[in-house]
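Okay, model.txt now, which holds compact mmCIF, C-alpha atoms and all ligand atoms:
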```txt
# COMPACT_ATOMS: atom_id res chain seq x y z
CA MET A 8 44.97 94.11 -17.87
CA GLU A 9 42.27 92.52 -15.75
CA GLN A 10 39.01 94.45 -15.87
CA GLU A 11 38.41 96.27 -12.59
CA TYR A 12 35.06 94.51 -12.26
CA ALA A 13 36.31 90.98 -12.96
CA ARG A 14 35.76 89.95 -9.33
CA LEU A 15 32.14 91.19 -9.37
CA ASN A 16 31.00 87.95 -10.92
CA MET A 17 27.88 87.18 -8.86
CA PRO A 18 24.83 87.24 -11.18
CA ILE A 19 23.18 90.65 -10.87
CA GLY A 20 19.81 89.05 -10.05
CA GLU A 21 21.25 87.13 -7.11
CA THR A 22 23.07 90.26 -5.96
CA MET A 23 19.98 92.46 -5.98
CA PHE A 24 17.52 89.89 -4.69
CA SER A 25 19.67 88.78 -1.75
CA GLN A 26 20.80 92.23 -0.67
CA ARG A 27 19.31 93.02 2.69
CA SER A 28 20.39 95.30 5.51
CA ILE A 29 23.38 93.91 7.34
CA ARG A 30 23.83 95.64 10.69
CA ARG A 31 26.09 93.18 12.53
CA PHE A 32 29.64 92.77 11.29
CA ARG A 33 32.58 90.55 11.92
CA SER A 34 35.68 92.49 12.88
CA ASP A 35 37.72 91.28 9.86
CA PRO A 36 39.02 94.20 7.82
CA ILE A 37 37.92 94.60 4.22
CA PRO A 38 40.86 94.12 1.83
CA VAL A 39 41.92 97.35 0.15
CA ASP A 40 41.47 95.71 -3.28
CA ASP A 41 37.83 95.05 -2.42
CA LEU A 42 37.32 98.62 -1.20
CA ARG A 43 38.74 99.78 -4.49
CA VAL A 44 36.34 97.63 -6.55
CA ILE A 45 33.44 98.82 -4.41
CA MET A 46 34.36 102.47 -4.97
CA ASP A 47 35.02 101.88 -8.68
CA ALA A 48 31.44 100.58 -8.87
CA ALA A 49 30.17 103.61 -6.90
CA VAL A 50 31.68 106.14 -9.28
CA LYS A 51 30.23 104.35 -12.32
CA ALA A 52 26.72 105.45 -11.30
CA PRO A 53 24.90 108.14 -13.27
CA SER A 54 24.62 111.74 -12.08
CA GLY A 55 22.82 114.83 -13.39
CA GLY A 56 24.67 116.13 -16.46
CA ASN A 57 27.48 113.71 -15.53
CA ARG A 58 28.62 116.45 -13.14
CA GLN A 59 29.63 113.77 -10.60
CA PRO A 60 29.23 115.76 -7.40
CA ALA A 61 29.48 112.65 -5.18
CA ARG A 62 32.38 112.43 -2.75
CA PHE A 63 33.16 109.61 -0.34
CA LEU A 64 35.08 109.32 2.88
CA ILE A 65 36.15 105.80 3.89
CA LEU A 66 36.84 105.26 7.58
CA THR A 67 38.93 102.23 8.57
CA ASP A 68 40.97 103.60 11.49
CA PRO A 69 39.44 101.98 14.59
CA ASP A 70 40.07 105.09 16.70
CA VAL A 71 38.30 107.32 14.19
CA ILE A 72 35.43 104.84 13.84
CA ARG A 73 35.07 104.69 17.62
CA GLU A 74 34.80 108.47 17.88
CA PHE A 75 32.45 108.63 14.92
CA GLY A 76 30.41 105.79 16.44
CA ALA A 77 29.67 107.83 19.55
CA LEU A 78 28.28 110.63 17.37
CA TYR A 79 26.30 108.14 15.26
CA ARG A 80 24.74 106.74 18.42
CA GLU A 81 23.83 110.21 19.67
CA ALA A 82 22.31 110.98 16.25
CA TRP A 83 20.22 107.80 16.26
CA TRP A 84 18.67 108.68 19.59
CA ALA A 85 18.17 112.32 18.54
CA LYS A 86 16.11 111.04 15.59
CA ARG A 87 13.97 108.95 17.95
CA ARG A 88 13.43 112.05 20.09
CA ASP A 89 12.30 113.98 16.96
CA GLU A 90 9.90 111.12 16.15
CA LYS A 91 8.58 111.45 19.72
CA ARG A 92 9.35 107.81 20.49
CA PRO A 93 8.93 107.11 24.17
CA TRP A 94 12.20 105.18 24.51
CA THR A 95 15.53 106.51 25.69
CA ARG A 96 17.39 103.18 25.93
CA ARG A 97 17.60 100.12 23.68
CA GLU A 98 16.05 97.92 26.39
CA GLU A 99 12.85 100.01 26.25
CA ILE A 100 12.16 99.25 22.57
CA PRO A 101 9.38 96.63 22.26
CA ALA A 102 10.84 93.32 21.07
CA GLU A 103 8.25 93.09 18.26
CA ASP A 104 9.64 96.31 16.76
CA ARG A 105 12.45 94.36 15.19
CA GLY A 106 13.52 97.11 12.81
CA SER A 107 14.07 99.65 15.58
CA THR A 108 15.70 97.03 17.80
CA ALA A 109 18.17 96.17 15.04
CA ALA A 110 18.82 99.83 14.20
CA ALA A 111 19.39 100.66 17.88
CA ARG A 112 21.82 97.78 18.18
CA LEU A 113 23.69 99.12 15.16
CA ALA A 114 23.83 102.50 16.91
CA ASP A 115 25.53 100.76 19.85
CA GLU A 116 27.81 98.56 17.74
CA ILE A 117 28.79 100.74 14.77
CA LYS A 118 31.81 101.91 16.76
CA ASP A 119 33.29 98.43 16.14
CA ALA A 120 32.49 98.22 12.40
CA PRO A 121 35.60 97.51 10.30
CA CYS A 122 34.71 100.18 7.76
CA ILE A 123 32.29 103.06 7.32
CA VAL A 124 31.75 105.04 4.12
CA LEU A 125 30.27 108.54 4.25
CA ALA A 126 28.56 109.72 1.05
CA LEU A 127 28.58 113.45 0.41
CA THR A 128 28.18 115.88 -2.48
CA THR A 129 30.00 119.03 -3.51
CA VAL A 130 26.60 120.62 -4.21
CA LYS A 131 23.57 121.29 -2.02
CA ASN A 132 20.47 119.16 -2.63
CA GLY A 133 22.71 116.59 -4.31
CA ALA A 134 20.94 113.48 -3.01
CA SER A 135 19.69 112.30 -6.40
CA SER A 136 23.26 112.39 -7.78
CA VAL A 137 24.80 110.37 -4.94
CA ILE A 138 22.13 107.79 -4.12
CA PRO A 139 22.69 105.80 -7.37
CA SER A 140 26.38 105.62 -6.39
CA VAL A 141 25.50 104.38 -2.93
CA GLN A 142 23.30 101.65 -4.38
CA ASN A 143 26.12 100.60 -6.74
CA LEU A 144 28.50 100.59 -3.80
CA MET A 145 26.21 98.38 -1.71
CA LEU A 146 25.54 95.97 -4.59
CA ALA A 147 29.25 95.65 -5.36
CA ALA A 148 29.89 95.02 -1.67
CA ARG A 149 27.17 92.36 -1.59
CA ALA A 150 28.70 90.66 -4.65
CA LEU A 151 31.96 90.42 -2.67
CA GLY A 152 30.17 88.99 0.38
CA ILE A 153 30.35 92.29 2.26
CA GLY A 154 27.26 93.55 4.08
CA SER A 155 26.06 97.12 4.37
CA VAL A 156 23.13 99.32 5.31
CA PRO A 157 22.42 102.91 4.32
CA THR A 158 21.92 105.13 7.36
CA THR A 159 21.48 108.81 8.13
CA LEU A 160 22.80 111.15 10.82
CA HIS A 161 21.10 114.06 12.62
CA ALA A 162 21.73 117.80 12.47
CA GLN A 163 22.62 117.71 16.16
CA VAL A 164 25.93 115.92 15.42
CA LEU A 165 26.84 117.10 11.91
CA GLU A 166 29.17 119.94 12.90
CA ARG A 167 31.09 117.61 15.20
CA VAL A 168 31.26 114.90 12.51
CA TYR A 169 32.66 117.43 10.03
CA ALA A 170 35.20 118.65 12.60
CA LEU A 171 36.24 115.12 13.57
CA LEU A 172 36.80 114.08 9.96
CA ASN A 173 38.08 117.40 8.53
CA ILE A 174 35.17 117.57 6.06
CA PRO A 175 35.00 120.98 4.35
CA PRO A 176 31.79 122.78 5.39
CA GLU A 177 30.58 123.28 1.81
CA LEU A 178 30.12 119.53 1.32
CA GLU A 179 26.65 118.14 1.90
CA PHE A 180 26.36 114.94 3.90
CA HIS A 181 23.89 112.31 2.68
CA LEU A 182 24.43 108.79 3.94
CA CYS A 183 26.66 106.79 6.22
CA ILE A 184 27.19 103.18 5.14
CA PRO A 185 28.89 100.74 7.50
CA LEU A 186 30.53 97.85 5.65
CA GLY A 187 31.71 94.49 6.91
CA TYR A 188 31.48 90.74 6.57
CA PRO A 189 28.12 89.77 8.00
CA ARG A 190 27.43 88.10 11.28
CA GLY A 191 24.24 86.56 9.94
CA ARG A 192 23.16 85.98 6.40
CA PHE A 193 22.22 87.76 3.26
CA GLY A 194 18.82 86.69 2.11
CA PRO A 195 15.37 87.52 0.85
CA THR A 196 13.67 90.77 1.80
CA GLN A 197 10.04 91.68 2.50
CA ARG A 198 8.85 94.05 -0.22
CA ILE A 199 5.52 95.09 -1.69
CA PRO A 200 5.05 93.22 -5.00
CA ALA A 201 6.03 95.39 -7.97
CA ALA A 202 2.52 95.11 -9.44
CA GLU A 203 1.09 96.79 -6.31
CA VAL A 204 3.26 99.87 -6.71
CA THR A 205 3.38 100.08 -10.51
CA TYR A 206 0.82 101.49 -12.95
CA HIS A 207 0.76 101.31 -16.72
CA ASN A 208 0.42 104.20 -19.19
CA ARG A 209 -2.10 106.04 -16.96
CA TRP A 210 -2.03 106.32 -13.18
CA ALA A 211 -4.15 103.66 -11.49
CA THR A 212 -4.18 101.38 -14.58
CA PRO A 213 -2.68 98.05 -13.49
CA ALA A 214 0.77 96.96 -14.50
CA PRO A 215 0.82 94.68 -17.56
CA TRP A 216 1.27 91.61 -15.40
CA SER A 217 -1.02 90.56 -12.60
CA VAL A 218 -0.37 90.66 -8.85
CA ALA A 219 -1.41 87.00 -8.65
CA ALA A 220 1.16 86.04 -11.30
CA ALA A 221 3.82 88.05 -9.51
CA ARG A 222 3.07 86.23 -6.23
CA ALA A 223 2.99 82.78 -7.86
C1 LIG B 1 17.35 106.70 3.22
C2 LIG B 1 17.52 105.53 4.16
C3 LIG B 1 17.83 105.77 5.49
C4 LIG B 1 18.03 104.70 6.37
N1 LIG B 1 18.41 104.96 7.65
C5 LIG B 1 18.70 103.94 8.46
C6 LIG B 1 19.22 104.20 9.76
O1 LIG B 1 19.44 105.35 10.15
N2 LIG B 1 19.52 103.13 10.56
C7 LIG B 1 19.34 101.84 10.13
O2 LIG B 1 19.65 100.92 10.89
N3 LIG B 1 18.82 101.56 8.90
C8 LIG B 1 18.52 102.59 8.05
N4 LIG B 1 18.05 102.33 6.80
C9 LIG B 1 17.87 100.94 6.35
C10 LIG B 1 16.38 100.57 6.27
O3 LIG B 1 15.88 100.41 7.57
C11 LIG B 1 16.27 99.28 5.45
O4 LIG B 1 16.68 99.56 4.13
C12 LIG B 1 14.85 98.75 5.41
O5 LIG B 1 14.37 98.49 6.69
C13 LIG B 1 14.77 97.47 4.58
O6 LIG B 1 15.61 96.51 5.19
P1 LIG B 1 15.98 95.13 4.45
O7 LIG B 1 16.71 95.53 3.20
O8 LIG B 1 16.86 94.41 5.41
O9 LIG B 1 14.73 94.44 4.16
C14 LIG B 1 17.85 103.38 5.91
C15 LIG B 1 17.53 103.15 4.56
C16 LIG B 1 17.39 104.20 3.69
C17 LIG B 1 17.08 103.92 2.24
```

Could you show the structure in this file as structure tokens?
Ligand SMILES: Cc1cc2nc3c(=O)[nH]c(=O)nc-3n(C[C@H](O)[C@H](O)[C@H](O)COP(=O)(O)O)c2cc1C
Amino acid sequence: MEQEYARLNMPIGETMFSQRSIRRFRSDPIPVDDLRVIMDAAVKAPSGGNRQPARFLILTDPDVIREFGALYREAWWAKRRDEKRPWTRREEIPAEDRGSTAAARLADEIKDAPCIVLALTTVKNGASSVIPSVQNLMLAARALGIGSVPTTLHAQVLERVYALLNIPPELEFHLCIPLGYPRGRFGPTQRIPAAEVTYHNRWATPAPWSVAAARA
């Protein structure tokens, strides 16, 4: 029998180093076989005591995604209100704030995403046992040419999200990950060099390779 991961044959370095946030998607659906590989990768992640509290809800029904998208959009703007941002519409976001501009556009366009995965846990405070799964999920997706971005919701919409999707109240919501073939490209990301965020043996002792070497 073919291994379930046989199609995940992109080198892991290329997968990790070219994985960036994809927030604009083509409308093409993701084949069920690909969704299955992606979720097989997700459940291979570690969890505390191997208790595996992570649960996932995959949305592909365009009507459901449209309704969820309206709540996602409301949540995105509720978060900006909490952050005391002065904007109330996408057009008011300064063009140089490219991150917020892209995130606001996703809030408008997520209603048309071909697929959205919600990551939850059966336990409270379960983030550390679901986030490794989400990273596996996103890397597997990237290896299949499928873009993603981890996103959050806001308390203001959670009850309505649970009601819309029949999620039992005892589950804890963590992340919402739209998936789709990218409009735009995968590519390099801007990150602080590892040597600037890594110490060695004792805090504040430099990593055993130099920042200059890492930049070279
Ligand atoms: C916990 C978490 C929450 C995030 N929430 C959002 C979000 O609500 N909306 C969004 O568009 N991106 C969200 N992101 C994506 C980040 O903005 C993105 O990872 C970061 O800007 C780096 O982008 P890059 O990988 O394209 O370089 C989130 C990422 C993480 C890890």

Discussion item. Using all atoms listed in the file, which protein or nucleic acid residues come within 12 Å of A:Leu15? Drop anything in the same chain fewer than 5 positions from it, and give the result as an MDAnalysis selection string.
Written reply: chainID A and resid 10 21:22 41 43:45 47:48 143:144 146:153

Practice prompt. List all protein, DNA and RNA residues that have at least one atom no more than 10 Å from any atom of ligand LIG 1 (chain B), counting all atoms listed in the file, and write them as a PyMOL selection string.
Written response: chain A and resi 24-30+79-80+82-83+86+105-114+117+134+138+141-142+155-161+181-185+193-198

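Here atom CA of A:Gly133 and atom CA of A:Ser54 stand 9.4 Å from one another.
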
Discussion item. As a PyMOL selection string, please: the residues near A:Phe75 (cut-off 8 Å, all atoms listed in the file, same-chain neighbours under 4 positions excluded).
Written reply: chain A and resi 71+79+118+168+171

Worksheet item: For the atom pair atom CA of A:Phe32 and atom CA of A:Ala77, what is the interatomic distance in Å to one decimal place?
Response: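 Taking atom CA of A:Phe32 and atom CA of A:Ala77, their separation equals 17.2 Å.
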
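Distances from A:Arg167, A:Arg62, A:Arg33, A:Arg88 to A:Ser140 were compared using all atoms listed in the file, and the smallest one belongs to A:Arg62.
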
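Of the listed residues (A:Leu186, A:Val124, A:Val39, A:Glu81), A:Glu81 comes nearest to A:Thr95; the distances count only C-alpha atoms.
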
Write out as a Markdown table the residues of stretch 85-153 of chain A that have any atom within 12 Å of an atom of stretch 56-61 of chain A, one row each with the nearest atom pair and its distance in Å to one decimal, counting all atoms listed in the file, sorted by chain and then rising number.
```
| residue | atom | partner | partner_atom | distance |
| --- | --- | --- | --- | --- |
| A:Leu125 | CA | A:Ala61 | CA | 10.3 |
| A:Ala126 | CA | A:Ala61 | CA | 6.9 |
| A:Leu127 | CA | A:Ala61 | CA | 5.7 |
| A:Thr128 | CA | A:Ala61 | CA | 4.4 |
| A:Thr129 | CA | A:Pro60 | CA | 5.1 |
| A:Val130 | CA | A:Pro60 | CA | 6.4 |
| A:Lys131 | CA | A:Pro60 | CA | 9.6 |
| A:Asn132 | CA | A:Pro60 | CA | 10.5 |
| A:Gly133 | CA | A:Pro60 | CA | 7.3 |
| A:Ala134 | CA | A:Ala61 | CA | 8.9 |
| A:Ser135 | CA | A:Ala61 | CA | 9.9 |
| A:Ser136 | CA | A:Ala61 | CA | 6.7 |
| A:Val137 | CA | A:Ala61 | CA | 5.2 |
| A:Ile138 | CA | A:Ala61 | CA | 8.9 |
| A:Pro139 | CA | A:Ala61 | CA | 9.9 |
| A:Ser140 | CA | A:Ala61 | CA | 7.8 |
| A:Val141 | CA | A:Ala61 | CA | 9.4 |
```

Go ahead and save the residues from that selection, with C-alpha atoms, as an mmCIF file, in the frame of the given file.
```cif
data_model
loop_
_atom_site.group_PDB
_atom_site.id
_atom_site.type_symbol
_atom_site.label_atom_id
_atom_site.label_comp_id
_atom_site.auth_asym_id
_atom_site.auth_seq_id
_atom_site.Cartn_x
_atom_site.Cartn_y
_atom_site.Cartn_z
ATOM 1 C CA LEU A 125 30.270 108.540 4.250
ATOM 2 C CA ALA A 126 28.560 109.720 1.050
ATOM 3 C CA LEU A 127 28.580 113.450 0.410
ATOM 4 C CA THR A 128 28.180 115.880 -2.480
ATOM 5 C CA THR A 129 30.000 119.030 -3.510
ATOM 6 C CA VAL A 130 26.600 120.620 -4.210
ATOM 7 C CA LYS A 131 23.570 121.290 -2.020
ATOM 8 C CA ASN A 132 20.470 119.160 -2.630
ATOM 9 C CA GLY A 133 22.710 116.590 -4.310
ATOM 10 C CA ALA A 134 20.940 113.480 -3.010
ATOM 11 C CA SER A 135 19.690 112.300 -6.400
ATOM 12 C CA SER A 136 23.260 112.390 -7.780
ATOM 13 C CA VAL A 137 24.800 110.370 -4.940
ATOM 14 C CA ILE A 138 22.130 107.790 -4.120
ATOM 15 C CA PRO A 139 22.690 105.800 -7.370
ATOM 16 C CA SER A 140 26.380 105.620 -6.390
ATOM 17 C CA VAL A 141 25.500 104.380 -2.930
#
```

Axis-aligned box over every listed atom of stretch 151-159 of chain A, padded by 3 Å per side: centre and edges in Å to one decimal, as AutoDock Vina command-line options?
```
--center_x 26.7 --center_y 98.9 --center_z 2.7 --size_x 16.5 --size_y 25.8 --size_z 16.8
```

Worksheet item: From the set A:Tyr188, A:Tyr169, A:Trp84, A:Trp210, which residue has the shortest atom-to-atom contact distance to A:Arg97, counting only C-alpha atoms?
Response: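 Going through A:Tyr188, A:Tyr169, A:Trp84, A:Trp210 one by one, the smallest distance to A:Arg97 is for A:Trp84.
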
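Picture a line from atom CA of A:Glu11 to atom CA of A:Ile72; it runs 27.9 Å.
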
Practice prompt. Skip A:Asp68 itself and residues of its chain fewer than 5 positions away, then list as a PyMOL selection string all residues within 12 Å of it, counting all atoms listed in the file.
Written response: chain A and resi 36-37+73-76+118-124+172
